[in-house]
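Asker: Quick one, run05.pdb (PDB, C-alpha atoms):
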ATOM      1  CA  MET Y1055       0.000   0.000   0.000
ATOM      2  CA  SER Y1056       2.700   2.469  -1.018
ATOM      3  CA  ASN Y1057       1.322   3.961  -4.248
ATOM      4  CA  HIS Y1058       1.110   7.708  -3.643
ATOM      5  CA  ARG Y1059      -1.692   7.942  -6.247
ATOM      6  CA  THR Y1060      -3.887   5.506  -4.364
ATOM      7  CA  VAL Y1061      -7.331   6.473  -3.104
ATOM      8  CA  TYR Y1062      -8.677   4.284  -0.311
ATOM      9  CA  LEU Y1063     -12.482   4.130  -0.332
ATOM     10  CA  VAL Y1064     -14.068   3.163   2.996
ATOM     11  CA  ASP Y1065     -17.861   2.990   2.747
ATOM     12  CA  ASP Y1066     -20.285   0.247   3.763
ATOM     13  CA  ASP Y1067     -22.389   0.921   0.654
ATOM     14  CA  ALA Y1068     -21.113  -1.420  -2.074
ATOM     15  CA  ALA Y1069     -22.795   0.604  -4.822
ATOM     16  CA  VAL Y1070     -21.052   3.785  -3.712
ATOM     17  CA  ARG Y1071     -17.680   2.041  -3.548
ATOM     18  CA  HIS Y1072     -18.126   0.584  -7.012
ATOM     19  CA  ALA Y1073     -19.318   3.839  -8.592
ATOM     20  CA  LEU Y1074     -16.560   5.927  -7.036
ATOM     21  CA  GLY Y1075     -13.929   3.287  -7.771
ATOM     22  CA  THR Y1076     -14.911   3.178 -11.436
ATOM     23  CA  PHE Y1077     -14.957   6.962 -11.746
ATOM     24  CA  LEU Y1078     -11.618   7.504  -9.976
ATOM     25  CA  SER Y1079      -9.958   4.718 -11.962
ATOM     26  CA  SER Y1080     -11.036   6.474 -15.161
ATOM     27  CA  ALA Y1081      -9.461   9.653 -13.750
ATOM     28  CA  GLY Y1082      -6.115   7.871 -13.396
ATOM     29  CA  TYR Y1083      -6.138   6.856  -9.739
ATOM     30  CA  SER Y1084      -5.574   3.459  -8.207
ATOM     31  CA  THR Y1085      -8.410   2.630  -5.828
ATOM     32  CA  MET Y1086      -8.867   0.152  -2.994
ATOM     33  CA  GLY Y1087     -12.307  -0.333  -1.466
ATOM     34  CA  PHE Y1088     -13.246  -1.445   2.050
ATOM     35  CA  ASP Y1089     -16.703  -2.077   3.448
ATOM     36  CA  SER Y1090     -15.818  -1.085   7.000
ATOM     37  CA  ALA Y1091     -13.292   0.802   9.072
ATOM     38  CA  GLU Y1092     -12.248  -2.475  10.641
ATOM     39  CA  ALA Y1093     -11.484  -4.017   7.225
ATOM     40  CA  PHE Y1094      -9.383  -1.001   6.321
ATOM     41  CA  LEU Y1095      -7.395  -1.226   9.567
ATOM     42  CA  GLU Y1096      -6.589  -4.863   8.849
ATOM     43  CA  SER Y1097      -4.919  -3.862   5.583
ATOM     44  CA  VAL Y1098      -3.275  -0.516   6.304
ATOM     45  CA  ASP Y1099      -0.023   0.134   8.131
ATOM     46  CA  ALA Y1100       2.244   3.096   8.872
ATOM     47  CA  THR Y1101       3.818   2.883   5.388
ATOM     48  CA  ALA Y1102       0.510   3.590   3.653
ATOM     49  CA  SER Y1103       0.447   6.602   1.365
ATOM     50  CA  GLY Y1104      -2.438   8.112  -0.533
ATOM     51  CA  ILE Y1105      -5.807   9.708   0.164
ATOM     52  CA  LEU Y1106      -8.547   8.228   2.337
ATOM     53  CA  VAL Y1107     -12.134   8.865   1.231
ATOM     54  CA  LEU Y1108     -14.133   7.931   4.287
ATOM     55  CA  ASP Y1109     -17.838   7.595   5.021
ATOM     56  CA  GLN Y1110     -18.740   8.988   8.432
ATOM     57  CA  ARG Y1111     -21.662   6.742   9.407
ATOM     58  CA  MET Y1112     -21.026   3.024   8.889
ATOM     59  CA  THR Y1113     -21.855  -0.239  10.587
ATOM     60  CA  GLY Y1114     -19.357  -0.709  13.412
ATOM     61  CA  MET Y1115     -16.655   1.930  13.780
ATOM     62  CA  THR Y1116     -17.587   5.388  12.479
ATOM     63  CA  GLY Y1117     -15.429   7.462  10.204
ATOM     64  CA  ILE Y1118     -14.505   9.858  13.017
ATOM     65  CA  GLU Y1119     -13.493   6.916  15.208
ATOM     66  CA  LEU Y1120     -11.319   5.511  12.410
ATOM     67  CA  GLN Y1121      -9.666   8.900  11.986
ATOM     68  CA  GLN Y1122      -8.827   8.900  15.702
ATOM     69  CA  VAL Y1123      -7.412   5.361  15.580
ATOM     70  CA  LEU Y1124      -5.207   6.208  12.602
ATOM     71  CA  ALA Y1125      -3.863   9.280  14.394
ATOM     72  CA  GLY Y1126      -3.147   7.161  17.466
ATOM     73  CA  HIS Y1127      -1.119   4.728  15.354
ATOM     74  CA  GLY Y1128       0.833   7.493  13.616
ATOM     75  CA  ILE Y1129      -0.788   6.779  10.244
ATOM     76  CA  ASP Y1130      -0.981  10.190   8.585
ATOM     77  CA  LEU Y1131      -3.302   9.934   5.593
ATOM     78  CA  PRO Y1132      -5.208  12.949   4.268
ATOM     79  CA  VAL Y1133      -8.894  12.253   4.950
ATOM     80  CA  ILE Y1134     -11.877  13.381   2.898
ATOM     81  CA  PHE Y1135     -15.152  12.637   4.668
ATOM     82  CA  ILE Y1136     -18.292  11.845   2.729
ATOM     83  CA  THR Y1137     -21.603  11.457   4.482
ATOM     84  CA  GLY Y1138     -25.341  11.666   4.077
ATOM     85  CA  HIS Y1139     -25.757  12.346   7.759
ATOM     86  CA  GLY Y1140     -23.494  15.339   8.184
ATOM     87  CA  ASN Y1141     -24.034  18.136  10.623
ATOM     88  CA  VAL Y1142     -22.032  21.107  11.773
ATOM     89  CA  ALA Y1143     -20.742  19.426  14.944
ATOM     90  CA  ILE Y1144     -19.395  16.371  13.109
ATOM     91  CA  SER Y1145     -17.891  18.537  10.366
ATOM     92  CA  VAL Y1146     -16.085  20.735  12.888
ATOM     93  CA  MET Y1147     -14.817  17.665  14.770
ATOM     94  CA  ALA Y1148     -13.497  16.096  11.586
ATOM     95  CA  MET Y1149     -11.766  19.241  10.390
ATOM     96  CA  LYS Y1150     -10.204  19.948  13.800
ATOM     97  CA  ALA Y1151      -8.822  16.398  13.755
ATOM     98  CA  GLY Y1152      -7.092  17.165  10.471
ATOM     99  CA  ALA Y1153      -9.585  16.164   7.769
ATOM    100  CA  THR Y1154      -8.849  17.721   4.396
ATOM    101  CA  ASP Y1155     -12.494  18.096   3.389
ATOM    102  CA  PHE Y1156     -16.034  17.154   4.403
ATOM    103  CA  ILE Y1157     -18.487  16.512   1.578
ATOM    104  CA  GLU Y1158     -22.189  15.834   2.081
ATOM    105  CA  LYS Y1159     -24.090  13.343  -0.065
ATOM    106  CA  PRO Y1160     -25.357  13.663  -2.688
ATOM    107  CA  PHE Y1161     -22.291  15.178  -4.310
ATOM    108  CA  SER Y1162     -21.027  15.352  -7.870
ATOM    109  CA  ASN Y1163     -18.101  13.210  -8.965
ATOM    110  CA  GLU Y1164     -16.399  16.398 -10.099
ATOM    111  CA  ALA Y1165     -16.637  17.898  -6.600
ATOM    112  CA  LEU Y1166     -15.023  14.819  -5.072
ATOM    113  CA  LEU Y1167     -12.352  14.704  -7.790
ATOM    114  CA  SER Y1168     -11.499  18.350  -7.165
ATOM    115  CA  SER Y1169     -11.147  17.647  -3.441
ATOM    116  CA  ILE Y1170      -8.939  14.605  -4.091
ATOM    117  CA  GLN Y1171      -6.725  16.557  -6.512
ATOM    118  CA  GLY Y1172      -6.305  19.293  -3.916
ATOM    119  CA  ALA Y1173      -5.436  16.749  -1.235
ATOM    120  CA  PHE Y1174      -2.779  15.151  -3.454
ATOM    121  CA  ARG Y1175      -1.268  18.558  -4.248
ATOM    122  CA  LYS Y1176      -1.031  19.287  -0.531
ATOM    123  CA  LEU Y1177       0.408  15.826   0.143
ATOM    124  CA  GLU Y1178       3.042  16.229  -2.550
ATOM    125  CA  ALA Y1179       4.007  19.678  -1.248
ATOM    126  CA  GLN Y1180       4.402  18.259   2.261
ATOM    127  CA  GLN Y1181       6.568  15.429   0.925
ATOM    128  CA  LYS Y1182       8.792  17.876  -0.954
ATOM    129  CA  GLU Y1183       9.219  19.948   2.207
ATOM    130  CA  HIS Y1184       9.995  16.819   4.224
ATOM    131  CA  ASP Y1185      12.596  15.745   1.646
ATOM    132  CA  ARG Y1186      14.140  19.221   1.652
ATOM    133  CA  LYS Y1187      14.493  19.275   5.445
ATOM    134  CA  TYR Y1188      15.923  15.763   5.423
ATOM    135  CA  ALA Y1189      18.518  16.760   2.837
ATOM    136  CA  ILE Y1190      19.516  19.846   4.824
ATOM    137  CA  ASN Y1191      19.970  17.797   8.000
ATOM    138  CA  ARG Y1192      22.082  15.294   6.075
ATOM    139  CA  ARG Y1193      24.312  18.138   4.866
ATOM    140  CA  TYR Y1194      24.653  19.438   8.414
ATOM    141  CA  GLU Y1195      25.912  16.036   9.548
ATOM    142  CA  THR Y1196      28.809  16.323   7.064
ATOM    143  CA  LEU Y1197      30.203  19.307   8.986
ATOM    144  CA  THR Y1198      33.146  18.740  11.301
ATOM    145  CA  PRO Y1199      32.669  19.450  15.033
ATOM    146  CA  ARG Y1200      34.588  22.701  14.583
ATOM    147  CA  GLU Y1201      32.423  23.750  11.651
ATOM    148  CA  LYS Y1202      29.281  23.016  13.651
ATOM    149  CA  GLU Y1203      30.635  25.150  16.480
ATOM    150  CA  ILE Y1204      31.367  28.030  14.123
ATOM    151  CA  LEU Y1205      27.953  27.712  12.493
ATOM    152  CA  VAL Y1206      26.303  28.392  15.842
ATOM    153  CA  TYR Y1207      28.260  31.645  16.129
ATOM    154  CA  ILE Y1208      27.394  32.576  12.548
ATOM    155  CA  VAL Y1209      23.689  32.138  13.271
ATOM    156  CA  GLU Y1210      24.080  34.324  16.366
ATOM    157  CA  GLY Y1211      25.528  37.075  14.171
ATOM    158  CA  THR Y1212      29.092  36.956  15.514
ATOM    159  CA  SER Y1213      31.530  38.755  13.214
ATOM    160  CA  ASN Y1214      34.625  37.063  11.845
ATOM    161  CA  LYS Y1215      36.832  39.334  13.958
ATOM    162  CA  ASP Y1216      34.971  38.620  17.224
ATOM    163  CA  LEU Y1217      34.791  34.921  16.419
ATOM    164  CA  ALA Y1218      38.527  34.758  15.718
ATOM    165  CA  GLU Y1219      39.235  36.398  19.058
ATOM    166  CA  ARG Y1220      36.844  34.151  20.904
ATOM    167  CA  LEU Y1221      38.264  30.954  19.390
ATOM    168  CA  GLN Y1222      41.834  32.315  19.358
ATOM    169  CA  ILE Y1223      42.389  31.574  15.698
ATOM    170  CA  SER Y1224      43.130  33.829  12.724
ATOM    171  CA  ASN Y1225      40.553  35.673  10.631
ATOM    172  CA  ARG Y1226      41.802  33.719   7.634
ATOM    173  CA  THR Y1227      41.041  30.422   9.375
ATOM    174  CA  ILE Y1228      37.526  31.656  10.182
ATOM    175  CA  GLU Y1229      37.029  32.619   6.530
ATOM    176  CA  VAL Y1230      38.131  29.150   5.405
ATOM    177  CA  HIS Y1231      35.711  27.501   7.844
ATOM    178  CA  ARG Y1232      32.851  29.749   6.713
ATOM    179  CA  SER Y1233      33.587  28.956   3.079
ATOM    180  CA  ARG Y1234      33.582  25.228   3.768
ATOM    181  CA  ILE Y1235      30.356  25.487   5.756
ATOM    182  CA  MET Y1236      28.664  27.374   2.913
ATOM    183  CA  HIS Y1237      29.884  24.798   0.414
ATOM    184  CA  LYS Y1238      28.858  21.741   2.450
ATOM    185  CA  MET Y1239      25.438  23.188   3.298
ATOM    186  CA  GLN Y1240      24.973  24.271  -0.359
ATOM    187  CA  ALA Y1241      23.916  27.719   0.829
ATOM    188  CA  ASP Y1242      23.729  30.517  -1.748
ATOM    189  CA  ASN Y1243      24.249  33.290   0.798
ATOM    190  CA  LEU Y1244      24.225  34.015   4.519
ATOM    191  CA  PRO Y1245      20.410  34.352   4.892
ATOM    192  CA  ASP Y1246      20.061  31.000   3.109
ATOM    193  CA  LEU Y1247      22.532  29.441   5.549
ATOM    194  CA  VAL Y1248      20.678  30.887   8.531
ATOM    195  CA  ARG Y1249      17.374  29.474   7.267
ATOM    196  CA  MET Y1250      18.996  26.058   6.980
ATOM    197  CA  ALA Y1251      20.410  26.379  10.492
ATOM    198  CA  VAL Y1252      16.932  27.111  11.828
ATOM    199  CA  ILE Y1253      15.641  23.947  10.170
ATOM    200  CA  CYS Y1254      18.440  22.023  11.898
ATOM    201  CA  ASP Y1255      17.471  23.691  15.198
ATOM    202  CA  ILE Y1256      20.845  25.426  15.538
ATOM    203  CA  GLY Y1257      21.512  28.559  17.509
ATOM    204  CA  GLN Y1258      18.727  30.824  18.736
TER     205      GLN Y1258
END
Would you mind writing the structure in this file as structure tokens?

Answerer:
Amino acid sequence: MSNHRTVYLVDDDAAVRHALGTFLSSAGYSTMGFDSAEAFLESVDATASGILVLDQRMTGMTGIELQQVLAGHGIDLPVIFITGHGNVAISVMAMKAGATDFIEKPFSNEALLSSIQGAFRKLEAQQKEHDRKYAINRRYETLTPREKEILVYIVEGTSNKDLAERLQISNRTIEVHRSRIMHKMQADNLPDLVRMAVICDIGQ
């Protein structure tokens, strides 16, 4: 269950699952249908990726309850609720718990498709940001202990002259360290380096 273009359909109405599955497949998505929250939980794990289209009122566990269980297990799937029994209280609860959208039946296929496309765009943006932060942290780990020490001072705004005095080394040595830090971190300029340092939780 690792296809990032997968839409998981959890609805106890077989006709709804079939109709939505057919429509979404024609739109280029891979779909997997489940007739209950319990059936979905038996198949999903923390590596799952995709969008969850979830009916709120089903036999057994409700959609809101499934959302809570997934959060408790660290399974972070964007959730789009669909329901014929929606009300303001349930909608607010779902959205506060992180649901991407809440669509009341009857709805058009185009409305659901638009919501799914938006959820995938958000998911892809989050993945890109995660990958970027991971790459920056990997670069930081290539710094020597001395370079990491100097980076902290750079983030604090310490000048080369003051830093040289504090560490009792020459200005030229500080300049060499700064150049190596910039190169290893792949920073275009000082503000770029500071932003990276913040991501790595360095300095202030």

Asker: So what does the PyMOL selection byres ((chain Y and resi 1100) around 7) actually pick up in this one, as a list of chain:residue names?

Answerer: Y:Asp1099, Y:Thr1101, Y:Ala1102, Y:Gly1128, Y:Ile1129

Asker: So which residues get picked by the PyMOL selection byres ((chain Y and resi 1217) around 12) here, written as a PyMOL selection string?

Answerer: chain Y and resi 1203-1216+1218-1229+1231-1232

Asker: Please measure the separation of CA of Val1123 (chain Y) and CA of Tyr1188 (chain Y), giving the value in Å to one decimal.

Answerer: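 CA of Tyr1188 (chain Y) lies at a distance of 27.5 Å from CA of Val1123 (chain Y).
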
Asker: So how many Å separate CA of Tyr1083 (chain Y) and CA of Ala1125 (chain Y), to one decimal?

Answerer: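 We find that CA of Tyr1083 (chain Y) and CA of Ala1125 (chain Y) lie 24.4 Å from each other.
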
Asker: Run the PyMOL selection byres ((chain Y and resi 1078) around 12) mentally over the shown coordinates, then write out the matched residues as an MDAnalysis selection string, using the chain letters and numbers from the document.

Answerer: chainID Y and resid 1059:1063 1070:1077 1079:1087 1105 1107 1163:1164 1166:1168 1170:1171

Asker: Which centre and edge lengths in Å to one decimal define the box along x, y and z that fits every listed atom of region 1233-1244 of chain Y plus 8 Å per side, as JSON?

Answerer:
{"center_x": 28.7, "center_y": 27.9, "center_z": 2.0, "size_x": 25.9, "size_y": 28.3, "size_z": 23.5}

Asker: Residues at most 12 Å from Ser1145 (chain Y), counting only C-alpha atoms, excluding those fewer than 5 positions away in the same chain, as a ChimeraX atom specification?

Answerer: /Y:1110,1117-1118,1134-1140,1150-1158

Asker: Could you give me region 1080-1091 of chain Y completed to all heavy atoms, formatted as a tab-separated table (two decimals), in the coordinates of the input?

Answerer:
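New file out.tsv:
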chain	number	residue	atom	x	y	z
Y	1080	SER	N	-11.02	5.83	-13.85
Y	1080	SER	CA	-11.04	6.47	-15.16
Y	1080	SER	C	-10.30	7.81	-15.13
Y	1080	SER	O	-9.84	8.30	-16.17
Y	1080	SER	CB	-12.48	6.70	-15.63
Y	1080	SER	OG	-13.13	7.68	-14.84
Y	1081	ALA	N	-10.18	8.38	-13.90
Y	1081	ALA	CA	-9.46	9.65	-13.75
Y	1081	ALA	C	-7.98	9.43	-13.51
Y	1081	ALA	O	-7.23	10.39	-13.31
Y	1081	ALA	CB	-10.07	10.45	-12.60
Y	1082	GLY	N	-7.53	8.16	-13.51
Y	1082	GLY	CA	-6.12	7.87	-13.40
Y	1082	GLY	C	-5.62	7.48	-12.02
Y	1082	GLY	O	-4.42	7.35	-11.82
Y	1083	TYR	N	-6.54	7.24	-11.09
Y	1083	TYR	CA	-6.14	6.86	-9.74
Y	1083	TYR	C	-6.28	5.36	-9.52
Y	1083	TYR	O	-7.14	4.70	-10.13
Y	1083	TYR	CB	-6.99	7.59	-8.70
Y	1083	TYR	CG	-6.76	9.07	-8.68
Y	1083	TYR	CD1	-7.65	9.93	-9.33
Y	1083	TYR	CD2	-5.67	9.62	-8.03
Y	1083	TYR	CE1	-7.45	11.31	-9.33
Y	1083	TYR	CE2	-5.45	11.00	-8.02
Y	1083	TYR	CZ	-6.34	11.83	-8.67
Y	1083	TYR	OH	-6.13	13.18	-8.68
Y	1084	SER	N	-5.43	4.83	-8.65
Y	1084	SER	CA	-5.57	3.46	-8.21
Y	1084	SER	C	-6.48	3.48	-6.99
Y	1084	SER	O	-6.31	4.32	-6.10
Y	1084	SER	CB	-4.21	2.89	-7.83
Y	1084	SER	OG	-4.34	1.62	-7.22
Y	1085	THR	N	-7.47	2.61	-6.94
Y	1085	THR	CA	-8.41	2.63	-5.83
Y	1085	THR	C	-8.44	1.28	-5.12
Y	1085	THR	O	-8.23	0.23	-5.73
Y	1085	THR	CB	-9.84	2.97	-6.29
Y	1085	THR	OG1	-10.31	1.94	-7.18
Y	1085	THR	CG2	-9.88	4.32	-7.00
Y	1086	MET	N	-8.68	1.34	-3.81
Y	1086	MET	CA	-8.87	0.15	-2.99
Y	1086	MET	C	-10.09	0.39	-2.12
Y	1086	MET	O	-10.18	1.41	-1.43
Y	1086	MET	CB	-7.64	-0.14	-2.13
Y	1086	MET	CG	-6.38	-0.40	-2.92
Y	1086	MET	SD	-4.94	-0.80	-1.87
Y	1086	MET	CE	-5.45	-2.41	-1.23
Y	1087	GLY	N	-11.06	-0.52	-2.19
Y	1087	GLY	CA	-12.31	-0.33	-1.47
Y	1087	GLY	C	-12.42	-1.23	-0.25
Y	1087	GLY	O	-11.96	-2.38	-0.26
Y	1088	PHE	N	-13.04	-0.71	0.80
Y	1088	PHE	CA	-13.25	-1.44	2.05
Y	1088	PHE	C	-14.65	-1.18	2.54
Y	1088	PHE	O	-15.12	-0.04	2.51
Y	1088	PHE	CB	-12.23	-1.01	3.11
Y	1088	PHE	CG	-10.80	-1.16	2.68
Y	1088	PHE	CD1	-10.15	-0.14	1.99
Y	1088	PHE	CD2	-10.11	-2.33	2.93
Y	1088	PHE	CE1	-8.83	-0.27	1.58
Y	1088	PHE	CE2	-8.79	-2.49	2.52
Y	1088	PHE	CZ	-8.14	-1.45	1.84
Y	1089	ASP	N	-15.31	-2.23	3.03
Y	1089	ASP	CA	-16.70	-2.08	3.45
Y	1089	ASP	C	-16.86	-1.67	4.91
Y	1089	ASP	O	-17.97	-1.51	5.40
Y	1089	ASP	CB	-17.49	-3.37	3.18
Y	1089	ASP	CG	-16.95	-4.56	3.95
Y	1089	ASP	OD1	-16.03	-4.39	4.77
Y	1089	ASP	OD2	-17.43	-5.69	3.70
Y	1090	SER	N	-15.76	-1.51	5.60
Y	1090	SER	CA	-15.82	-1.08	7.00
Y	1090	SER	C	-14.48	-0.50	7.43
Y	1090	SER	O	-13.44	-0.75	6.80
Y	1090	SER	CB	-16.17	-2.26	7.91
Y	1090	SER	OG	-15.10	-3.19	7.96
Y	1091	ALA	N	-14.53	0.26	8.51
Y	1091	ALA	CA	-13.29	0.80	9.07
Y	1091	ALA	C	-12.39	-0.32	9.55
Y	1091	ALA	O	-11.17	-0.27	9.40
Y	1091	ALA	CB	-13.62	1.75	10.22
